[in-house]
$ cat coords_9.txt   # compact mmCIF, C-alpha atoms
# COMPACT_ATOMS: atom_id res chain seq x y z
CA MET X 175 -23.81 -52.42 8.11
CA PRO X 176 -21.57 -54.81 6.10
CA HIS X 177 -21.37 -54.22 2.35
CA GLU X 178 -22.93 -57.66 1.69
CA LEU X 179 -26.18 -56.60 3.38
CA GLN X 180 -26.44 -53.36 1.39
CA ALA X 181 -25.96 -54.99 -2.02
CA LEU X 182 -29.22 -56.98 -2.17
CA ILE X 183 -31.77 -54.98 -4.12
CA GLY X 184 -35.20 -56.12 -5.27
CA GLN X 185 -38.92 -56.19 -4.53
CA ALA X 186 -40.07 -59.13 -6.67
CA ASP X 187 -42.20 -61.52 -4.62
CA CYS X 188 -40.01 -64.53 -5.42
CA PHE X 189 -36.88 -62.64 -4.39
CA MET X 190 -38.40 -61.27 -1.19
CA ALA X 191 -39.58 -64.75 -0.22
CA ALA X 192 -36.00 -66.02 -0.51
CA ILE X 193 -34.66 -63.10 1.54
CA GLU X 194 -37.23 -63.77 4.26
CA ARG X 195 -36.12 -67.41 4.41
CA VAL X 196 -32.53 -66.21 4.79
CA SER X 197 -33.48 -64.01 7.74
CA GLN X 198 -35.17 -66.94 9.48
CA LEU X 199 -32.36 -69.36 8.78
CA ALA X 200 -29.62 -66.94 9.87
CA GLU X 201 -30.57 -67.36 13.52
CA LEU X 202 -29.64 -71.06 13.52
CA ALA X 203 -26.21 -72.67 13.56
CA LYS X 204 -27.20 -75.50 11.21
CA PRO X 205 -25.68 -76.12 7.77
CA ALA X 206 -27.44 -74.52 4.82
CA LEU X 207 -27.53 -74.86 1.04
CA ILE X 208 -27.94 -72.06 -1.48
CA ILE X 209 -29.03 -73.15 -4.94
CA GLY X 210 -29.21 -70.90 -7.98
CA GLU X 211 -28.03 -70.29 -11.51
CA ARG X 212 -24.71 -68.59 -12.13
CA GLY X 213 -24.79 -64.91 -11.34
CA THR X 214 -27.82 -64.96 -9.02
CA GLY X 215 -25.87 -63.77 -5.96
CA LYS X 216 -25.25 -66.94 -3.97
CA GLU X 217 -22.18 -65.50 -2.25
CA LEU X 218 -24.11 -62.40 -1.17
CA ILE X 219 -26.82 -64.61 0.32
CA ALA X 220 -24.19 -66.66 2.18
CA ALA X 221 -22.73 -63.45 3.59
CA ARG X 222 -26.20 -62.35 4.65
CA LEU X 223 -26.71 -65.64 6.51
CA HIS X 224 -23.46 -64.99 8.38
CA TYR X 225 -23.83 -61.28 9.15
CA LEU X 226 -27.43 -61.62 10.35
CA SER X 227 -26.42 -64.37 12.78
CA SER X 228 -24.88 -64.19 16.22
CA ARG X 229 -21.56 -65.05 14.52
CA TRP X 230 -21.39 -61.74 12.67
CA GLU X 231 -18.21 -60.65 14.47
CA ALA X 232 -16.51 -64.02 13.85
CA PRO X 233 -14.72 -64.93 10.59
CA PHE X 234 -16.64 -65.37 7.35
CA VAL X 235 -14.37 -67.51 5.17
CA LYS X 236 -15.04 -68.29 1.49
CA LEU X 237 -13.72 -70.89 -0.94
CA ASN X 238 -14.71 -71.74 -4.52
CA CYS X 239 -14.16 -75.49 -4.72
CA ALA X 240 -14.11 -75.49 -8.52
CA ALA X 241 -11.25 -72.96 -8.62
CA VAL X 242 -8.82 -75.28 -6.83
CA SER X 243 -7.37 -78.56 -8.08
CA GLU X 244 -8.30 -81.78 -6.30
CA GLU X 245 -4.77 -82.08 -4.88
CA LEU X 246 -4.83 -78.59 -3.37
CA LEU X 247 -8.46 -78.52 -2.28
CA GLU X 248 -7.88 -80.92 0.60
CA SER X 249 -5.05 -78.72 1.89
CA GLU X 250 -7.16 -75.58 1.42
CA LEU X 251 -9.94 -77.08 3.50
CA PHE X 252 -8.04 -78.89 6.24
CA GLY X 253 -4.54 -77.40 6.17
CA HIS X 254 -1.24 -79.31 6.20
CA VAL X 255 1.91 -79.72 8.23
CA THR X 256 5.49 -79.20 7.08
CA GLY X 257 6.56 -81.94 4.66
CA ALA X 258 3.03 -83.23 4.10
CA PHE X 259 3.69 -83.25 0.35
CA THR X 260 6.31 -82.07 -2.13
CA GLY X 261 6.71 -78.33 -1.79
CA ALA X 262 5.11 -78.12 1.68
CA SER X 263 8.07 -76.28 3.21
CA LYS X 264 5.94 -74.97 6.05
CA GLY X 265 2.58 -75.77 7.58
CA ARG X 266 -0.56 -73.75 7.00
CA LEU X 267 -4.04 -73.46 8.40
CA GLY X 268 -6.99 -74.72 6.40
CA ARG X 269 -10.23 -72.85 5.84
CA PHE X 270 -11.99 -74.76 8.62
CA GLU X 271 -9.49 -73.54 11.19
CA MET X 272 -9.66 -70.02 9.79
CA ALA X 273 -13.44 -70.06 10.15
CA ASP X 274 -13.52 -71.50 13.68
CA GLY X 275 -16.38 -69.86 15.57
CA GLY X 276 -17.74 -68.34 12.36
CA SER X 277 -19.01 -69.48 8.96
CA LEU X 278 -17.40 -71.23 6.00
CA PHE X 279 -18.93 -70.71 2.55
CA LEU X 280 -18.09 -73.41 0.00
CA ASP X 281 -19.18 -72.45 -3.52
CA GLU X 282 -19.41 -74.94 -6.41
CA LEU X 283 -19.77 -77.71 -3.84
CA ALA X 284 -20.73 -80.28 -6.47
CA SER X 285 -17.23 -80.16 -7.98
CA MET X 286 -15.74 -81.81 -4.87
CA SER X 287 -14.68 -85.45 -5.17
CA THR X 288 -16.58 -88.10 -3.21
CA ARG X 289 -13.43 -88.75 -1.16
CA LEU X 290 -13.36 -85.15 0.05
CA GLN X 291 -17.11 -85.21 0.50
CA GLU X 292 -16.60 -88.00 3.03
CA LYS X 293 -14.08 -85.93 4.99
CA LEU X 294 -16.41 -82.95 4.82
CA LEU X 295 -19.24 -85.05 6.24
CA ARG X 296 -17.10 -85.99 9.23
CA VAL X 297 -16.38 -82.34 10.04
CA ILE X 298 -20.06 -81.48 9.82
CA GLU X 299 -21.11 -84.38 12.04
CA TYR X 300 -18.34 -84.34 14.66
CA GLY X 301 -16.41 -81.10 14.14
CA GLU X 302 -13.20 -83.12 13.80
CA PHE X 303 -10.48 -83.43 11.17
CA GLU X 304 -6.73 -83.86 10.71
CA ARG X 305 -4.39 -81.68 8.74
CA LEU X 306 -2.64 -83.35 5.83
CA GLY X 307 0.43 -85.20 7.05
CA SER X 308 -0.70 -85.20 10.69
CA SER X 309 -2.50 -87.73 12.90
CA GLU X 310 -3.52 -85.10 15.45
CA THR X 311 -7.28 -84.64 15.59
CA LEU X 312 -8.39 -81.03 15.67
CA ARG X 313 -11.82 -79.71 16.65
CA VAL X 314 -13.62 -76.68 15.24
CA GLU X 315 -17.05 -75.12 15.56
CA VAL X 316 -18.01 -73.84 12.11
CA ARG X 317 -21.30 -73.20 10.36
CA LEU X 318 -21.04 -74.60 6.85
CA ILE X 319 -22.88 -72.88 3.99
CA GLY X 320 -22.71 -74.67 0.66
CA ALA X 321 -23.75 -73.46 -2.79
CA ALA X 322 -24.33 -75.08 -6.17
CA ASN X 323 -25.82 -74.28 -9.56
CA VAL X 324 -26.72 -77.89 -10.37
CA ASP X 325 -29.41 -80.37 -9.31
CA LEU X 326 -27.80 -81.95 -6.24
CA PRO X 327 -30.62 -84.44 -5.54
CA GLU X 328 -30.30 -85.72 -9.11
CA MET X 329 -26.52 -85.99 -8.72
CA ALA X 330 -27.03 -87.93 -5.49
CA ALA X 331 -29.47 -90.26 -7.27
CA GLN X 332 -26.80 -90.89 -9.91
CA GLY X 333 -24.14 -91.57 -7.28
CA LYS X 334 -22.17 -88.43 -8.15
CA PHE X 335 -22.81 -86.73 -4.82
CA ARG X 336 -23.02 -88.39 -1.41
CA SER X 337 -26.62 -88.73 -0.27
CA ASP X 338 -25.65 -88.64 3.42
CA LEU X 339 -23.75 -85.39 2.91
CA LEU X 340 -26.69 -83.91 1.04
CA ASP X 341 -28.97 -84.88 3.93
CA ARG X 342 -26.69 -83.15 6.44
CA LEU X 343 -26.34 -80.00 4.35
CA SER X 344 -29.99 -79.58 3.45
CA PHE X 345 -31.55 -78.71 6.78
CA ASP X 346 -32.94 -75.85 4.72
CA VAL X 347 -32.33 -74.88 1.12
CA ILE X 348 -32.49 -71.34 -0.24
CA THR X 349 -33.24 -71.40 -3.97
CA LEU X 350 -32.59 -68.06 -5.65
CA PRO X 351 -34.86 -66.98 -8.53
CA PRO X 352 -33.17 -66.12 -11.84
CA MET X 353 -33.27 -62.57 -13.16
CA ARG X 354 -35.84 -63.43 -15.85
CA GLU X 355 -38.33 -64.07 -13.02
CA ARG X 356 -37.50 -60.70 -11.41
CA ARG X 357 -38.23 -58.31 -14.28
CA GLU X 358 -39.74 -55.73 -11.93
CA ASP X 359 -36.34 -55.47 -10.22
CA VAL X 360 -34.34 -54.70 -13.38
CA ALA X 361 -34.86 -50.92 -13.26
CA ALA X 362 -33.79 -50.58 -9.61
CA LEU X 363 -30.72 -52.75 -10.09
CA ALA X 364 -29.74 -50.94 -13.29
CA GLN X 365 -30.04 -47.62 -11.49
CA LYS X 366 -27.80 -48.80 -8.64
CA PHE X 367 -25.17 -50.31 -10.95
CA GLY X 368 -25.27 -47.22 -13.17
CA GLU X 369 -24.78 -44.83 -10.25
CA ASP X 370 -21.89 -46.90 -8.89
CA MET X 371 -20.18 -47.01 -12.28
CA ALA X 372 -20.63 -43.28 -12.83
CA LYS X 373 -19.04 -42.65 -9.44
CA GLU X 374 -16.15 -44.99 -10.26
CA LEU X 375 -15.56 -43.11 -13.52
CA ARG X 376 -15.85 -39.77 -11.66
CA HIS X 377 -18.72 -38.59 -13.80
CA GLU X 378 -20.75 -35.71 -12.41
CA LEU X 379 -23.95 -37.75 -12.54
CA PHE X 380 -25.58 -40.90 -13.84
CA PRO X 381 -28.01 -39.74 -16.55
CA GLY X 382 -30.21 -42.83 -16.47
CA PHE X 383 -31.65 -44.67 -19.48
CA THR X 384 -34.19 -43.61 -22.07
CA PRO X 385 -37.55 -45.41 -21.81
CA ARG X 386 -36.66 -47.47 -24.87
CA ALA X 387 -33.27 -48.52 -23.43
CA LEU X 388 -34.85 -49.39 -20.09
CA ALA X 389 -37.52 -51.45 -21.86
CA ALA X 390 -34.75 -53.36 -23.67
CA LEU X 391 -33.14 -54.14 -20.33
CA GLU X 392 -36.44 -55.35 -18.90
CA ASP X 393 -37.24 -57.50 -21.94
CA TYR X 394 -33.88 -59.26 -22.07
CA GLY X 395 -33.72 -62.84 -20.75
CA TRP X 396 -30.53 -62.40 -18.63
CA PRO X 397 -28.98 -65.89 -18.92
CA GLY X 398 -26.10 -64.55 -16.77
CA ASN X 399 -28.53 -63.08 -14.23
CA VAL X 400 -27.57 -60.19 -11.92
CA ARG X 401 -23.89 -60.49 -12.77
CA GLU X 402 -24.63 -60.07 -16.48
CA LEU X 403 -26.99 -57.16 -15.78
CA LYS X 404 -24.22 -55.42 -13.85
CA ASN X 405 -21.75 -55.90 -16.71
CA VAL X 406 -24.20 -54.65 -19.35
CA VAL X 407 -25.11 -51.53 -17.36
CA GLU X 408 -21.50 -50.71 -16.48
CA ARG X 409 -20.45 -51.13 -20.11
CA ALA X 410 -23.26 -48.81 -21.24
CA VAL X 411 -22.24 -46.13 -18.72
CA TYR X 412 -18.57 -46.40 -19.66
CA ARG X 413 -19.28 -46.14 -23.40
CA HIS X 414 -21.69 -43.24 -22.87
CA GLY X 415 -18.72 -41.16 -21.82
CA GLY X 416 -20.20 -38.96 -19.11
CA ARG X 417 -22.69 -37.10 -21.30
CA ALA X 418 -25.70 -35.56 -19.57
CA GLN X 419 -28.26 -37.08 -21.96
CA PRO X 420 -29.87 -40.39 -20.94
CA ILE X 421 -28.22 -43.54 -22.24
CA THR X 422 -29.81 -44.86 -25.43
CA ARG X 423 -27.49 -47.63 -26.54
CA ILE X 424 -27.33 -51.05 -24.87
CA GLN X 425 -25.05 -53.82 -26.07
CA PHE X 426 -25.88 -57.14 -24.48
CA ASP X 427 -23.18 -59.18 -26.21
CA PRO X 428 -19.74 -57.48 -26.22
CA PHE X 429 -18.54 -60.07 -28.76
CA ASP X 430 -21.20 -59.06 -31.29
CA SER X 431 -19.31 -57.92 -34.39
CA PRO X 432 -19.37 -58.70 -38.13
CA TYR X 433 -15.62 -59.28 -37.83
CA ARG X 434 -15.84 -61.85 -35.05
CA PRO X 435 -13.78 -64.97 -35.91
CA ARG X 436 -15.92 -68.05 -36.39
CA ALA X 437 -14.95 -71.63 -35.75
CA ALA X 438 -14.32 -73.72 -38.83
CA GLY X 439 -17.51 -75.42 -39.95
CA ALA X 440 -19.71 -73.20 -37.80
CA SER X 441 -21.84 -72.13 -40.77
CA ALA X 442 -22.42 -75.70 -41.82
CA ALA X 443 -23.29 -76.66 -38.29
CA ARG X 444 -26.10 -74.10 -38.29
CA GLN X 445 -27.80 -75.76 -41.26
CA PRO X 446 -30.71 -78.01 -40.22
CA SER X 447 -30.23 -81.67 -41.07
CA ASP X 448 -32.76 -83.64 -39.06
CA PRO X 449 -34.65 -86.07 -41.28
CA ALA X 450 -37.39 -88.11 -39.68
CA PRO X 451 -36.11 -91.35 -38.12
CA ALA X 452 -37.03 -94.78 -39.40
CA TYR X 453 -40.54 -96.00 -38.64
CA PRO X 454 -41.94 -96.67 -36.15
CA PHE X 455 -40.97 -93.74 -33.92
CA GLU X 456 -42.54 -91.60 -31.19
CA PHE X 457 -44.04 -88.75 -33.20
CA LYS X 458 -44.88 -86.49 -30.22
CA SER X 459 -41.42 -86.88 -28.71
CA TRP X 460 -39.75 -86.17 -32.07
CA VAL X 461 -41.86 -83.01 -32.57
CA GLU X 462 -41.10 -81.81 -29.02
CA GLN X 463 -37.34 -82.26 -29.59
CA HIS X 464 -37.52 -80.16 -32.75
CA GLU X 465 -39.60 -77.48 -31.06
CA ILE X 466 -37.06 -77.27 -28.23
CA LYS X 467 -34.18 -77.04 -30.70
CA VAL X 468 -35.84 -74.24 -32.70
CA LEU X 469 -36.88 -72.31 -29.59
CA ASN X 470 -33.41 -72.54 -28.06
CA LYS X 471 -31.81 -71.35 -31.30
CA ALA X 472 -34.19 -68.39 -31.57
CA LEU X 473 -33.43 -67.38 -27.98
CA ARG X 474 -29.67 -67.63 -28.52
CA ASP X 475 -29.81 -65.77 -31.85
CA HIS X 476 -31.64 -62.89 -30.17
CA GLN X 477 -29.43 -62.77 -27.04
CA PHE X 478 -32.27 -64.30 -24.97
CA ASN X 479 -34.49 -61.28 -25.63
CA GLN X 480 -37.80 -63.10 -25.49
CA ARG X 481 -39.84 -60.40 -27.22
CA ARG X 482 -37.50 -60.33 -30.22
CA ALA X 483 -37.34 -64.13 -30.34
CA ALA X 484 -41.14 -64.32 -30.23
CA LYS X 485 -41.39 -61.80 -33.11
CA ALA X 486 -38.85 -63.78 -35.16
CA LEU X 487 -40.93 -66.93 -34.69
CA ARG X 488 -44.20 -65.06 -35.34
CA LEU X 489 -45.44 -65.94 -31.88
CA SER X 490 -46.95 -63.66 -29.29
CA TYR X 491 -44.81 -62.93 -26.24
CA ASP X 492 -47.23 -64.95 -24.07
CA GLN X 493 -47.11 -67.89 -26.49
CA LEU X 494 -43.31 -67.99 -26.32
CA ARG X 495 -43.39 -67.76 -22.51
CA GLY X 496 -45.80 -70.70 -22.54
CA TYR X 497 -43.36 -72.80 -24.58
CA ILE X 498 -40.49 -71.81 -22.28
CA ARG X 499 -42.45 -73.00 -19.26
CA LYS X 500 -43.68 -76.14 -21.05
CA TYR X 501 -40.19 -77.32 -21.96
CA ASP X 502 -38.35 -75.78 -18.98
CA LEU X 503 -36.01 -74.00 -21.40
CA THR X 504 -34.67 -71.89 -18.53
CA ALA X 505 -32.68 -74.91 -17.33
CA ALA X 506 -31.55 -75.79 -20.85
CA ASN X 507 -30.06 -72.31 -21.35
CA GLU X 508 -27.92 -72.23 -18.19
$ encode --input "coords_9.txt" --output "structure tokens"
Amino acid sequence: MPHELQALIGQADCFMAAIERVSQLAELAKPALIIGERGTGKELIAARLHYLSSRWEAPFVKLNCAAVSEELLESELFGHVTGAFTGASKGRLGRFEMADGGSLFLDELASMSTRLQEKLLRVIEYGEFERLGSSETLRVEVRLIGAANVDLPEMAAQGKFRSDLLDRLSFDVITLPPMRERREDVAALAQKFGEDMAKELRHELFPGFTPRALAALEDYGWPGNVRELKNVVERAVYRHGGRAQPITRIQFDPFDSPYRPRAAGASAARQPSDPAPAYPFEFKSWVEQHEIKVLNKALRDHQFNQRRAAKALRLSYDQLRGYIRKYDLTAANE
């Protein structure tokens, strides 16, 4: 079994529903979109779509569109011939040719320019493209899997993403739940990441976490999702030093230090200075804006640990969760 299929751990209903959708969608050759916050495992889901399909023995090719400049992205996707541009001393295959017969995963799809989006649409619709510097039309048969951590329909409505491309890509959309909605999965994931890190460090065993440390992991808001959870657990195991006693200390923010350099004016910026606007003004809207600002600050100041933030605001945990849902603060904290 490929590594990508082994790495998905969780029993939360929202997570299992997404995995079930993946299993259904894998059987088809149609394009697919994976939407989720950073660190939710979009690449692992794309790999699962590929390896559960009939293409599992064909290439699975990946490209992060945001990691490549606009000038190079076109060449990365479609390839180029010798002399196509300055420095092109020899031709090269693009990712579409590399993925012929298999699947191509394009992460951070929203960062692509509208000009390249148009070329991408042509490949999806007709399976045709030309390498840079060539007029020869090439044909490929590739399943495209796109991913984004932004609101693509809203971007399309604003003219920042092609609506026709979005229509072609969104035969079905897999939306991954953030870690804060999968609290029942934290313990199992922490155990797996801890065991793997202990093995990497050649420790005799992974001692686990004390109940208090595990509760801290489960209460944390995880703005960085599974990726952040993995980092926090691995750091805790590494700092624990191979001792047989369970791990007691968790540090969520590795930058947390009284000696951390602060930007000039940062202290002043933290001072509230929001007098009421001139009359008349929308009182309810003004109050909501201030509530959102205070709630966001409390969450940030307490490393998104909702129980600690609630205590600092003298709210119950359920009251704070109600405010978070009311104002959709999960999106604001991405």
$ atom_distance --input "coords_9.txt" --atom1 "CA of Val297 (chain X)" --atom2 "CA of Trp230 (chain X)"
21.4 Å
$ closest_residue --input "coords_9.txt" --among "X:Tyr491, X:Gln425, X:Gln365, X:Leu340" --to "Asp325 (chain X)" --atoms "all atoms listed in the file"
X:Leu340
$ closest_residue --input "coords_9.txt" --among "X:Ala221, X:Ile348, X:Leu318, X:Leu473" --to "Ala192 (chain X)" --atoms "all atoms listed in the file"
X:Ile348
$ closest_atom_pairs --input "coords_9.txt" --of "region 185-235 of chain X" --to "region 398-403 of chain X" --cutoff "7 Å" --atoms "all atoms listed in the file" --output "tab-separated table"
residue	atom	partner	partner_atom	distance
X:Arg212	CA	X:Gly398	CA	6.3
X:Gly213	CA	X:Arg401	CA	4.7
X:Thr214	CA	X:Asn399	CA	5.6
$ write_last_selection --input "coords_9.txt" --atoms "C-alpha atoms" --output "PDB file, in the coordinates of the input"
ATOM      1  CA  ARG X 212     -24.710 -68.590 -12.130  1.00  0.00           C
ATOM      2  CA  GLY X 213     -24.790 -64.910 -11.340  1.00  0.00           C
ATOM      3  CA  THR X 214     -27.820 -64.960  -9.020  1.00  0.00           C
TER       4      THR X 214
END
$ atom_distance --input "coords_9.txt" --atom1 "CA of Ala390 (chain X)" --atom2 "CA of Lys216 (chain X)"
25.7 Å
$ residues_near_point --input "coords_9.txt" --point "(-33.2, -61.9, 0.8)" --cutoff "10 Å" --atoms "all atoms listed in the file" --output "count of residues only"
21
$ atom_distance --input "coords_9.txt" --atom1 "CA of Ser287 (chain X)" --atom2 "CA of Gln332 (chain X)"
14.1 Å
$ residues_around --input "coords_9.txt" --residues "Leu247 (chain X)" --least-positions-apart "5" --cutoff "10 Å" --atoms "only C-alpha atoms" --output "PDB file with C-alpha atoms, in the coordinates of the input"
ATOM      1  CA  LEU X 237     -13.720 -70.890  -0.940  1.00  0.00           C
ATOM      2  CA  ASN X 238     -14.710 -71.740  -4.520  1.00  0.00           C
ATOM      3  CA  CYS X 239     -14.160 -75.490  -4.720  1.00  0.00           C
ATOM      4  CA  ALA X 240     -14.110 -75.490  -8.520  1.00  0.00           C
ATOM      5  CA  ALA X 241     -11.250 -72.960  -8.620  1.00  0.00           C
ATOM      6  CA  VAL X 242      -8.820 -75.280  -6.830  1.00  0.00           C
ATOM      7  CA  PHE X 252      -8.040 -78.890   6.240  1.00  0.00           C
ATOM      8  CA  GLY X 253      -4.540 -77.400   6.170  1.00  0.00           C
ATOM      9  CA  GLY X 268      -6.990 -74.720   6.400  1.00  0.00           C
ATOM     10  CA  MET X 286     -15.740 -81.810  -4.870  1.00  0.00           C
ATOM     11  CA  SER X 287     -14.680 -85.450  -5.170  1.00  0.00           C
ATOM     12  CA  LEU X 290     -13.360 -85.150   0.050  1.00  0.00           C
TER      13      LEU X 290
END
$ residues_around --input "coords_9.txt" --residues "Ile209 (chain X)" --least-positions-apart "6" --cutoff "10 Å" --atoms "all atoms listed in the file" --output "PDB file with C-alpha atoms, keeping the file's coordinate frame"
ATOM      1  CA  GLY X 215     -25.870 -63.770  -5.960  1.00  0.00           C
ATOM      2  CA  LYS X 216     -25.250 -66.940  -3.970  1.00  0.00           C
ATOM      3  CA  ASP X 281     -19.180 -72.450  -3.520  1.00  0.00           C
ATOM      4  CA  GLU X 282     -19.410 -74.940  -6.410  1.00  0.00           C
ATOM      5  CA  GLY X 320     -22.710 -74.670   0.660  1.00  0.00           C
ATOM      6  CA  ALA X 321     -23.750 -73.460  -2.790  1.00  0.00           C
ATOM      7  CA  ALA X 322     -24.330 -75.080  -6.170  1.00  0.00           C
ATOM      8  CA  ASN X 323     -25.820 -74.280  -9.560  1.00  0.00           C
ATOM      9  CA  VAL X 324     -26.720 -77.890 -10.370  1.00  0.00           C
ATOM     10  CA  ASP X 325     -29.410 -80.370  -9.310  1.00  0.00           C
ATOM     11  CA  LEU X 326     -27.800 -81.950  -6.240  1.00  0.00           C
ATOM     12  CA  VAL X 347     -32.330 -74.880   1.120  1.00  0.00           C
ATOM     13  CA  ILE X 348     -32.490 -71.340  -0.240  1.00  0.00           C
ATOM     14  CA  THR X 349     -33.240 -71.400  -3.970  1.00  0.00           C
ATOM     15  CA  LEU X 350     -32.590 -68.060  -5.650  1.00  0.00           C
ATOM     16  CA  PRO X 351     -34.860 -66.980  -8.530  1.00  0.00           C
TER      17      PRO X 351
END
$ closest_residue --input "coords_9.txt" --among "X:Arg342, X:His414, X:Arg336, X:Lys467" --to "His377 (chain X)" --atoms "all atoms listed in the file"
X:His414
$ closest_residue --input "coords_9.txt" --among "X:Phe457, X:Ala206, X:Asp187, X:Ala437" --to "Asp359 (chain X)" --atoms "only C-alpha atoms"
X:Asp187
$ closest_residue --input "coords_9.txt" --among "X:Ala410, X:Gly395, X:Arg354, X:Arg482" --to "Glu369 (chain X)" --atoms "all atoms listed in the file"
X:Ala410
$ residues_around --input "coords_9.txt" --residues "Lys236 (chain X)" --least-positions-apart "3" --cutoff "7 Å" --atoms "only C-alpha atoms" --output "number ranges by chain"
X: 278-280
$ write_last_selection --input "coords_9.txt" --atoms "C-alpha atoms" --output "compact mmCIF listing (two decimals), keeping the file's coordinate frame"
# COMPACT_ATOMS: atom_id res chain seq x y z
CA LEU X 278 -17.40 -71.23 6.00
CA PHE X 279 -18.93 -70.71 2.55
CA LEU X 280 -18.09 -73.41 0.00
$ closest_residue --input "coords_9.txt" --among "X:His464, X:Arg436, X:His476, X:Arg266" --to "Trp396 (chain X)" --atoms "all atoms listed in the file"
X:His476
$ residues_around --input "coords_9.txt" --residues "Ala387 (chain X)" --least-positions-apart "6" --cutoff "7 Å" --atoms "only C-alpha atoms" --output "count of residues only"
3
$ residues_near_point --input "coords_9.txt" --point "(-37.2, -58.0, -20.7)" --cutoff "8 Å" --atoms "only C-alpha atoms" --output "list of chain:residue names"
X:Arg354, X:Arg357, X:Ala389, X:Ala390, X:Leu391, X:Glu392, X:Asp393, X:Tyr394, X:Gly395, X:Asn479, X:Gln480, X:Arg481
$ write_last_selection --input "coords_9.txt" --atoms "C-alpha atoms" --output "short mmCIF file (atom, residue, chain, number, x, y, z; two decimals), in the frame of the given file"
data_model
loop_
_atom_site.label_atom_id
_atom_site.label_comp_id
_atom_site.auth_asym_id
_atom_site.auth_seq_id
_atom_site.Cartn_x
_atom_site.Cartn_y
_atom_site.Cartn_z
CA ARG X 354 -35.84 -63.43 -15.85
CA ARG X 357 -38.23 -58.31 -14.28
CA ALA X 389 -37.52 -51.45 -21.86
CA ALA X 390 -34.75 -53.36 -23.67
CA LEU X 391 -33.14 -54.14 -20.33
CA GLU X 392 -36.44 -55.35 -18.90
CA ASP X 393 -37.24 -57.50 -21.94
CA TYR X 394 -33.88 -59.26 -22.07
CA GLY X 395 -33.72 -62.84 -20.75
CA ASN X 479 -34.49 -61.28 -25.63
CA GLN X 480 -37.80 -63.10 -25.49
CA ARG X 481 -39.84 -60.40 -27.22
#
$ decode --input "coords_9.txt" --residues "region 472-494 of chain X" --atoms "C-alpha atoms" --output "PDB file, in the first residue's frame"
ATOM      1  CA  ALA X 472      -7.772  36.806  22.840  1.00  0.00           C
ATOM      2  CA  LEU X 473      -7.408  33.747  20.605  1.00  0.00           C
ATOM      3  CA  ARG X 474      -4.048  34.929  19.251  1.00  0.00           C
ATOM      4  CA  ASP X 475      -2.752  35.879  22.715  1.00  0.00           C
ATOM      5  CA  HIS X 476      -3.548  32.379  23.974  1.00  0.00           C
ATOM      6  CA  GLN X 477      -2.159  30.511  20.937  1.00  0.00           C
ATOM      7  CA  PHE X 478      -5.728  29.696  19.796  1.00  0.00           C
ATOM      8  CA  ASN X 479      -6.351  27.643  22.933  1.00  0.00           C
ATOM      9  CA  GLN X 480     -10.068  28.281  23.179  1.00  0.00           C
ATOM     10  CA  ARG X 481     -10.449  27.224  26.810  1.00  0.00           C
ATOM     11  CA  ARG X 482      -7.727  29.622  27.955  1.00  0.00           C
ATOM     12  CA  ALA X 483      -9.107  32.420  25.775  1.00  0.00           C
ATOM     13  CA  ALA X 484     -12.588  31.849  27.188  1.00  0.00           C
ATOM     14  CA  LYS X 485     -11.214  31.996  30.761  1.00  0.00           C
ATOM     15  CA  ALA X 486      -9.337  35.228  29.983  1.00  0.00           C
ATOM     16  CA  LEU X 487     -12.563  36.785  28.699  1.00  0.00           C
ATOM     17  CA  ARG X 488     -14.591  35.371  31.614  1.00  0.00           C
ATOM     18  CA  LEU X 489     -16.753  33.409  29.212  1.00  0.00           C
ATOM     19  CA  SER X 490     -17.692  29.762  29.357  1.00  0.00           C
ATOM     20  CA  TYR X 491     -16.104  27.507  26.745  1.00  0.00           C
ATOM     21  CA  ASP X 492     -19.510  27.039  25.075  1.00  0.00           C
ATOM     22  CA  GLN X 493     -20.114  30.801  25.015  1.00  0.00           C
ATOM     23  CA  LEU X 494     -16.801  31.390  23.248  1.00  0.00           C
TER      24      LEU X 494
END
